[in-house]
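What follows is a short report on a single structure.
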Amino acid sequence: METAAPPCIILNVPQLAQNIGAVARVMANFGLADLRLVNPRDGWPQEHAWAAASGAEWPLNAARVYDRVEDAIADLHLVYATTARPRELQLPILTPREAAANLSHEVGEGRSVGLLFGGERAGLETADIALCQAVVTLPIDPRFRSLNLAQAVAINAYEWRMTVATGAPPIFREGPPPATAAAMLGLYEHFESELDAAGFFHPPEKRPSMVQNLRSALGRARFSDQEVRTFRGVVTALSKGRGRVLDRLAQQKAEKE
């Protein structure tokens with residue numbers, strides 16, 4: 001079965017062009033492109049929306065404008081309403097993560113889906129929510145339920161993205177391979193010899209366990225060859241610095257005598 005498009009984002013009576021642009025920006029961040037506007041307060045298009053999108057222009061360029069929510073969702077098979085306020089409607093209540101899983105299943109079945117968001121001032125009306133099949137709400141602190149429109153879209157878009165790209169992104173660049181065992185052994189022995197000279201391993205009978213702990217800690221770091229050389233340079237610098245201090249103390253003692 002052919003997979004349908006990702007969820008569309010429907011903004012009902014959005015007020016500020018900047019918020020519409022910010023919504024487009026987070027949509028682009030998480031792979032969404034179908035933006036639908038229902039009665040934007042200041043009309044459409046609005047120049048400030050493109051400025052706020054910071055280059056994420058494609059959702060704005062393709063945005064469709066409708067007079068009614070009913071028209072904006074007419075081609076969708078499943079629509080979820082997002083709200084932070086309890087309503088009298090008997091609808092399932094979902095978290096964004098639960099909603100994203102359901103939407104992903106529907107899309108996988110070839111059905112078109114959407115998320116409906118209310119305007120900045122008052123959110124969604126009960127009549128708008130009644131057109132939907134479930135309510136999506138966030139587990140936010142009840143002391144302050146107000147959430148910026150773009151933030152609400154971002155959270156839901158992120159959860160959707162996690163259904164299609166579950167892993168962390170690949171590393172930004174390939175790092176050097178870890179150092180060989182021989183290079184690490186050279187580091188261990190260099191470090192331990194300087195610690196011996198400094199009298200660190202005391203009492204002597206505890207030296208084997210202390211060496212084991214140090215090697216285990218350094219080994220977990222998975223140093224590269226360059227990091228091994230850097231660390232050995234640090235050890236050398238510290239040991240020479242200790243030598244200069246000892247020489248100065250010896251000279252001061254000789255002068256006093």
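Identifiers in the structure tokens: chain A, B, ... in order shown; residue index from 1 per chain; ligand index from 1 in order shown.
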Quick one: residues within 9 Å of region 8-17 of chain A, only C-alpha atoms counted, chain neighbours fewer than 3 positions away excluded, as a PyMOL selection string?
chain A and resi 5+20-23+27+32-42+44-50+52+68-69+72-73+112-121+123-124+128+149+153
DSSP says alpha helix (DSSP H) for which residues of region 176-242 of chain A? Put them as a ChimeraX atom specification?
/A:181-197,207-220,225-242
Backbone-only DSSP, strand (DSSP E) members of region 63-223 of chain A, as a PDB file with N, CA, C and O atoms, in the first residue's frame:
```
ATOM      1  N   ARG A  64      -1.994  26.824   2.122  1.00  0.00           N
ATOM      2  CA  ARG A  64      -3.343  27.004   1.587  1.00  0.00           C
ATOM      3  C   ARG A  64      -4.221  27.683   2.632  1.00  0.00           C
ATOM      4  O   ARG A  64      -4.088  27.412   3.829  1.00  0.00           O
ATOM      5  N   VAL A  65      -5.100  28.549   2.184  1.00  0.00           N
ATOM      6  CA  VAL A  65      -5.953  29.331   3.075  1.00  0.00           C
ATOM      7  C   VAL A  65      -7.401  28.884   2.898  1.00  0.00           C
ATOM      8  O   VAL A  65      -7.877  28.698   1.776  1.00  0.00           O
ATOM      9  N   TYR A  66      -8.112  28.738   4.027  1.00  0.00           N
ATOM     10  CA  TYR A  66      -9.498  28.274   4.014  1.00  0.00           C
ATOM     11  C   TYR A  66     -10.351  29.220   4.861  1.00  0.00           C
ATOM     12  O   TYR A  66      -9.849  29.889   5.773  1.00  0.00           O
ATOM     13  N   LEU A  78      -8.063  11.449   9.344  1.00  0.00           N
ATOM     14  CA  LEU A  78      -7.914  11.510  10.804  1.00  0.00           C
ATOM     15  C   LEU A  78      -7.335  12.861  11.181  1.00  0.00           C
ATOM     16  O   LEU A  78      -6.332  13.291  10.602  1.00  0.00           O
ATOM     17  N   VAL A  79      -7.983  13.536  12.135  1.00  0.00           N
ATOM     18  CA  VAL A  79      -7.512  14.839  12.590  1.00  0.00           C
ATOM     19  C   VAL A  79      -7.502  14.846  14.115  1.00  0.00           C
ATOM     20  O   VAL A  79      -8.479  14.436  14.752  1.00  0.00           O
ATOM     21  N   TYR A  80      -6.413  15.304  14.678  1.00  0.00           N
ATOM     22  CA  TYR A  80      -6.307  15.462  16.129  1.00  0.00           C
ATOM     23  C   TYR A  80      -6.284  16.947  16.467  1.00  0.00           C
ATOM     24  O   TYR A  80      -5.600  17.742  15.811  1.00  0.00           O
ATOM     25  N   ALA A  81      -7.023  17.314  17.502  1.00  0.00           N
ATOM     26  CA  ALA A  81      -7.040  18.693  17.985  1.00  0.00           C
ATOM     27  C   ALA A  81      -6.048  18.845  19.127  1.00  0.00           C
ATOM     28  O   ALA A  81      -5.942  17.972  19.990  1.00  0.00           O
ATOM     29  N   THR A  82      -5.328  19.934  19.163  1.00  0.00           N
ATOM     30  CA  THR A  82      -4.366  20.182  20.236  1.00  0.00           C
ATOM     31  C   THR A  82      -4.901  21.285  21.135  1.00  0.00           C
ATOM     32  O   THR A  82      -5.271  22.356  20.670  1.00  0.00           O
ATOM     33  N   ILE A  93      -7.930  11.301  25.036  1.00  0.00           N
ATOM     34  CA  ILE A  93      -6.904  12.286  25.352  1.00  0.00           C
ATOM     35  C   ILE A  93      -5.547  11.628  25.152  1.00  0.00           C
ATOM     36  O   ILE A  93      -5.241  10.605  25.796  1.00  0.00           O
ATOM     37  N   LEU A  94      -4.716  12.210  24.304  1.00  0.00           N
ATOM     38  CA  LEU A  94      -3.434  11.616  23.955  1.00  0.00           C
ATOM     39  C   LEU A  94      -2.288  12.581  24.245  1.00  0.00           C
ATOM     40  O   LEU A  94      -2.456  13.795  24.180  1.00  0.00           O
ATOM     41  N   VAL A 113      -3.651  12.586   7.260  1.00  0.00           N
ATOM     42  CA  VAL A 113      -3.888  12.968   8.656  1.00  0.00           C
ATOM     43  C   VAL A 113      -3.439  14.408   8.883  1.00  0.00           C
ATOM     44  O   VAL A 113      -2.690  14.983   8.088  1.00  0.00           O
ATOM     45  N   GLY A 114      -3.911  14.975   9.999  1.00  0.00           N
ATOM     46  CA  GLY A 114      -3.528  16.340  10.313  1.00  0.00           C
ATOM     47  C   GLY A 114      -3.624  16.641  11.796  1.00  0.00           C
ATOM     48  O   GLY A 114      -4.279  15.922  12.557  1.00  0.00           O
ATOM     49  N   LEU A 115      -2.956  17.717  12.190  1.00  0.00           N
ATOM     50  CA  LEU A 115      -3.000  18.234  13.557  1.00  0.00           C
ATOM     51  C   LEU A 115      -3.566  19.649  13.509  1.00  0.00           C
ATOM     52  O   LEU A 115      -3.068  20.496  12.753  1.00  0.00           O
ATOM     53  N   LEU A 116      -4.591  19.893  14.308  1.00  0.00           N
ATOM     54  CA  LEU A 116      -5.281  21.184  14.315  1.00  0.00           C
ATOM     55  C   LEU A 116      -4.866  21.988  15.545  1.00  0.00           C
ATOM     56  O   LEU A 116      -4.956  21.498  16.675  1.00  0.00           O
ATOM     57  N   PHE A 117      -4.418  23.226  15.313  1.00  0.00           N
ATOM     58  CA  PHE A 117      -3.984  24.118  16.388  1.00  0.00           C
ATOM     59  C   PHE A 117      -4.853  25.367  16.386  1.00  0.00           C
ATOM     60  O   PHE A 117      -5.203  25.897  15.333  1.00  0.00           O
ATOM     61  N   ALA A 134      -9.649  12.978  18.321  1.00  0.00           N
ATOM     62  CA  ALA A 134      -9.000  12.883  19.629  1.00  0.00           C
ATOM     63  C   ALA A 134      -8.388  14.235  19.959  1.00  0.00           C
ATOM     64  O   ALA A 134      -8.241  15.109  19.088  1.00  0.00           O
ATOM     65  N   VAL A 135      -8.043  14.393  21.233  1.00  0.00           N
ATOM     66  CA  VAL A 135      -7.397  15.613  21.716  1.00  0.00           C
ATOM     67  C   VAL A 135      -5.959  15.280  22.096  1.00  0.00           C
ATOM     68  O   VAL A 135      -5.699  14.276  22.772  1.00  0.00           O
ATOM     69  N   VAL A 136      -5.058  16.106  21.659  1.00  0.00           N
ATOM     70  CA  VAL A 136      -3.646  15.970  22.021  1.00  0.00           C
ATOM     71  C   VAL A 136      -3.310  17.086  23.002  1.00  0.00           C
ATOM     72  O   VAL A 136      -3.568  18.266  22.724  1.00  0.00           O
TER      73      VAL A 136
END
```
Could you make a table, as CSV, of the residues of region 89-205 of chain A that have an atom within 6 Å of an atom of region 216-226 of chain A, each with its nearest atom pair and distance in Å to one decimal, counting only C-alpha atoms, in chain and number order?
```
residue,atom,partner,partner_atom,distance
A:Pro177,CA,A:Ser224,CA,5.9
A:Pro178,CA,A:Ser224,CA,4.3
A:Ala179,CA,A:Ser224,CA,4.5
```
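The interatomic distance for the pair CA of Pro59 (chain A) and CA of Pro7 (chain A) works out to 12.6 Å.
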Find the spatial neighbours of Met162 (chain A), counting only C-alpha atoms, within a cut-off of 12 Å - ignore same-chain residues fewer than 4 positions away - and output them as a VMD selection string.
chain A and resid 30 to 31 96 to 101 103 to 104 155 to 158 166 to 169
Produce a file of the selected residues containing N, CA, C and O atoms, as a tab-separated table (two decimals), in the first residue's frame.
```
chain	number	residue	atom	x	y	z
A	30	PHE	N	11.44	19.34	11.10
A	30	PHE	CA	11.04	17.96	11.37
A	30	PHE	C	10.33	17.29	10.19
A	30	PHE	O	9.62	16.31	10.36
A	31	GLY	N	10.55	17.81	9.00
A	31	GLY	CA	10.11	17.12	7.80
A	31	GLY	C	8.65	17.28	7.44
A	31	GLY	O	8.11	16.43	6.72
A	96	PRO	N	1.46	13.92	22.86
A	96	PRO	CA	2.02	14.02	21.50
A	96	PRO	C	2.69	12.73	21.04
A	96	PRO	O	2.63	12.40	19.86
A	97	ARG	N	3.31	12.02	21.95
A	97	ARG	CA	3.98	10.76	21.56
A	97	ARG	C	2.97	9.71	21.15
A	97	ARG	O	3.15	9.01	20.14
A	98	GLU	N	1.90	9.60	21.92
A	98	GLU	CA	0.85	8.63	21.56
A	98	GLU	C	0.18	9.03	20.25
A	98	GLU	O	-0.10	8.19	19.39
A	99	ALA	N	-0.07	10.33	20.10
A	99	ALA	CA	-0.70	10.81	18.87
A	99	ALA	C	0.19	10.53	17.67
A	99	ALA	O	-0.29	10.10	16.61
A	100	ALA	N	1.49	10.77	17.81
A	100	ALA	CA	2.41	10.55	16.70
A	100	ALA	C	2.42	9.09	16.27
A	100	ALA	O	2.47	8.78	15.07
A	101	ALA	N	2.36	8.18	17.24
A	101	ALA	CA	2.33	6.76	16.91
A	101	ALA	C	1.08	6.41	16.12
A	101	ALA	O	1.12	5.67	15.12
A	103	LEU	N	-0.78	8.53	14.32
A	103	LEU	CA	-0.70	9.18	13.01
A	103	LEU	C	0.22	8.41	12.07
A	103	LEU	O	-0.07	8.26	10.88
A	104	SER	N	1.32	7.93	12.62
A	104	SER	CA	2.26	7.16	11.81
A	104	SER	C	1.61	5.90	11.26
A	104	SER	O	1.81	5.53	10.09
A	155	ILE	N	6.79	20.58	19.41
A	155	ILE	CA	6.76	19.36	20.22
A	155	ILE	C	6.06	18.24	19.47
A	155	ILE	O	6.55	17.09	19.43
A	156	ASN	N	4.94	18.54	18.86
A	156	ASN	CA	4.22	17.51	18.11
A	156	ASN	C	4.98	17.09	16.86
A	156	ASN	O	4.99	15.90	16.52
A	157	ALA	N	5.61	18.04	16.19
A	157	ALA	CA	6.39	17.70	15.00
A	157	ALA	C	7.59	16.85	15.36
A	157	ALA	O	7.96	15.93	14.62
A	158	TYR	N	8.21	17.15	16.49
A	158	TYR	CA	9.34	16.33	16.94
A	158	TYR	C	8.91	14.90	17.20
A	158	TYR	O	9.58	13.94	16.79
A	166	THR	N	14.15	7.32	14.26
A	166	THR	CA	14.19	7.06	15.70
A	166	THR	C	15.57	7.21	16.31
A	166	THR	O	15.71	7.40	17.50
A	167	GLY	N	16.62	7.09	15.51
A	167	GLY	CA	17.97	7.15	16.07
A	167	GLY	C	18.51	8.56	16.09
A	167	GLY	O	17.99	9.47	15.44
A	168	ALA	N	19.59	8.72	16.84
A	168	ALA	CA	20.30	10.00	16.82
A	168	ALA	C	20.93	10.19	15.45
A	168	ALA	O	21.22	9.22	14.75
A	169	PRO	N	21.13	11.43	15.03
A	169	PRO	CA	21.78	11.66	13.73
A	169	PRO	C	23.20	11.12	13.74
A	169	PRO	O	23.81	10.98	14.81
```
When you look at Ser193 (chain A) with a cut-off of 12 Å (counting only C-alpha atoms), what residues show up, excluding the ones that are within fewer than 6 positions of it in the same chain? I need them as an NGL selection string.
:A and (186-187 or 199-201 or 207 or 211 or 232 or 235-236 or 239)
Please provide the set of residues having any atom within 12 Å of Glu189 (chain A), restricted to only C-alpha atoms, with same-chain residues fewer than 4 positions apart removed, written as a short mmCIF file (atom, residue, chain, number, x, y, z; two decimals) with all heavy atoms, in the first residue's frame.
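Below is the file out19.cif, written as the result:
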```
data_model
loop_
_atom_site.label_atom_id
_atom_site.label_comp_id
_atom_site.auth_asym_id
_atom_site.auth_seq_id
_atom_site.Cartn_x
_atom_site.Cartn_y
_atom_site.Cartn_z
N ALA A 182 49.38 -1.04 22.17
CA ALA A 182 50.78 -0.73 22.43
C ALA A 182 50.95 0.74 22.83
O ALA A 182 51.71 1.06 23.74
CB ALA A 182 51.62 -1.05 21.19
N ALA A 183 50.23 1.63 22.13
CA ALA A 183 50.32 3.05 22.46
C ALA A 183 49.78 3.31 23.85
O ALA A 183 50.34 4.11 24.62
CB ALA A 183 49.57 3.88 21.42
N MET A 184 48.68 2.64 24.19
CA MET A 184 48.11 2.83 25.53
C MET A 184 49.04 2.29 26.61
O MET A 184 49.18 2.89 27.68
CB MET A 184 46.74 2.15 25.61
CG MET A 184 45.66 2.82 24.77
SD MET A 184 45.39 4.56 25.20
CE MET A 184 44.80 4.42 26.89
N LEU A 185 49.68 1.15 26.32
CA LEU A 185 50.61 0.60 27.30
C LEU A 185 51.77 1.56 27.54
O LEU A 185 52.21 1.75 28.68
CB LEU A 185 51.14 -0.75 26.81
CG LEU A 185 52.09 -1.47 27.78
CD1 LEU A 185 51.40 -1.76 29.11
CD2 LEU A 185 52.60 -2.77 27.14
N SER A 193 55.43 5.53 35.87
CA SER A 193 56.82 5.79 36.29
C SER A 193 56.94 7.15 36.96
O SER A 193 57.67 7.31 37.95
CB SER A 193 57.76 5.69 35.08
OG SER A 193 57.52 6.76 34.17
N GLU A 194 56.22 8.14 36.44
CA GLU A 194 56.27 9.47 37.05
C GLU A 194 55.54 9.48 38.40
O GLU A 194 55.95 10.18 39.33
CB GLU A 194 55.66 10.50 36.11
CG GLU A 194 56.44 10.71 34.83
CD GLU A 194 57.85 11.24 35.08
OE1 GLU A 194 58.10 11.81 36.17
OE2 GLU A 194 58.71 11.06 34.20
N LEU A 195 54.47 8.70 38.49
CA LEU A 195 53.79 8.61 39.78
C LEU A 195 54.66 7.91 40.81
O LEU A 195 54.65 8.26 41.99
CB LEU A 195 52.46 7.86 39.61
CG LEU A 195 51.37 8.61 38.82
CD1 LEU A 195 50.16 7.71 38.62
CD2 LEU A 195 50.96 9.90 39.52
N ASP A 196 55.43 6.91 40.37
CA ASP A 196 56.40 6.26 41.27
C ASP A 196 57.40 7.28 41.79
O ASP A 196 57.70 7.35 43.00
CB ASP A 196 57.14 5.14 40.52
CG ASP A 196 56.38 3.82 40.56
OD1 ASP A 196 55.75 3.53 41.60
OD2 ASP A 196 56.42 3.08 39.55
N VAL A 211 47.35 0.79 40.23
CA VAL A 211 47.70 0.77 38.80
C VAL A 211 46.52 0.24 37.98
O VAL A 211 46.18 0.77 36.92
CB VAL A 211 48.96 -0.08 38.57
CG1 VAL A 211 49.12 -0.42 37.08
CG2 VAL A 211 50.19 0.65 39.08
N GLN A 212 45.89 -0.80 38.48
CA GLN A 212 44.75 -1.38 37.77
C GLN A 212 43.63 -0.37 37.61
O GLN A 212 43.02 -0.25 36.55
CB GLN A 212 44.27 -2.60 38.54
CG GLN A 212 43.05 -3.29 37.93
CD GLN A 212 42.68 -4.53 38.70
OE1 GLN A 212 43.48 -5.43 38.90
NE2 GLN A 212 41.44 -4.58 39.16
N LEU A 214 43.86 2.94 37.63
CA LEU A 214 44.26 4.00 36.71
C LEU A 214 44.16 3.54 35.25
O LEU A 214 43.65 4.26 34.39
CB LEU A 214 45.70 4.44 37.01
CG LEU A 214 45.88 5.30 38.27
CD1 LEU A 214 47.37 5.45 38.59
CD2 LEU A 214 45.24 6.67 38.08
N ARG A 215 44.64 2.33 34.99
CA ARG A 215 44.59 1.82 33.62
C ARG A 215 43.14 1.63 33.16
O ARG A 215 42.82 1.90 32.00
CB ARG A 215 45.37 0.51 33.52
CG ARG A 215 46.87 0.70 33.70
CD ARG A 215 47.63 -0.57 33.39
NE ARG A 215 49.07 -0.36 33.51
CZ ARG A 215 49.99 -1.24 33.10
NH1 ARG A 215 49.62 -2.38 32.53
NH2 ARG A 215 51.29 -0.98 33.25
N ARG A 232 50.66 12.22 27.19
CA ARG A 232 52.04 11.97 27.59
C ARG A 232 52.83 13.27 27.67
O ARG A 232 53.72 13.44 28.53
CB ARG A 232 52.70 10.98 26.63
CG ARG A 232 52.10 9.59 26.70
CD ARG A 232 52.91 8.57 25.96
NE ARG A 232 54.22 8.34 26.57
CZ ARG A 232 55.02 7.34 26.25
NH1 ARG A 232 54.67 6.47 25.31
NH2 ARG A 232 56.19 7.20 26.85
N VAL A 235 52.03 14.73 31.03
CA VAL A 235 52.79 14.05 32.08
C VAL A 235 54.23 14.52 32.11
O VAL A 235 54.80 14.80 33.17
CB VAL A 235 52.72 12.52 31.88
CG1 VAL A 235 53.64 11.80 32.86
CG2 VAL A 235 51.28 12.02 32.04
#
```
Among the residues A:Ala198, A:Glu257, A:Ala84, A:Leu76, the one that comes closest to Arg143 (chain A) [using only C-alpha atoms]
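Closest candidate: A:Ala84.
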Please measure the separation of CA of Leu60 (chain A) and CA of Gln151 (chain A), giving the value in Å to one decimal.
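CA of Leu60 (chain A) sits 17.5 Å away from CA of Gln151 (chain A).
Here CA of Ala28 (chain A) stands at a distance of 25.6 Å from CA of Arg145 (chain A).
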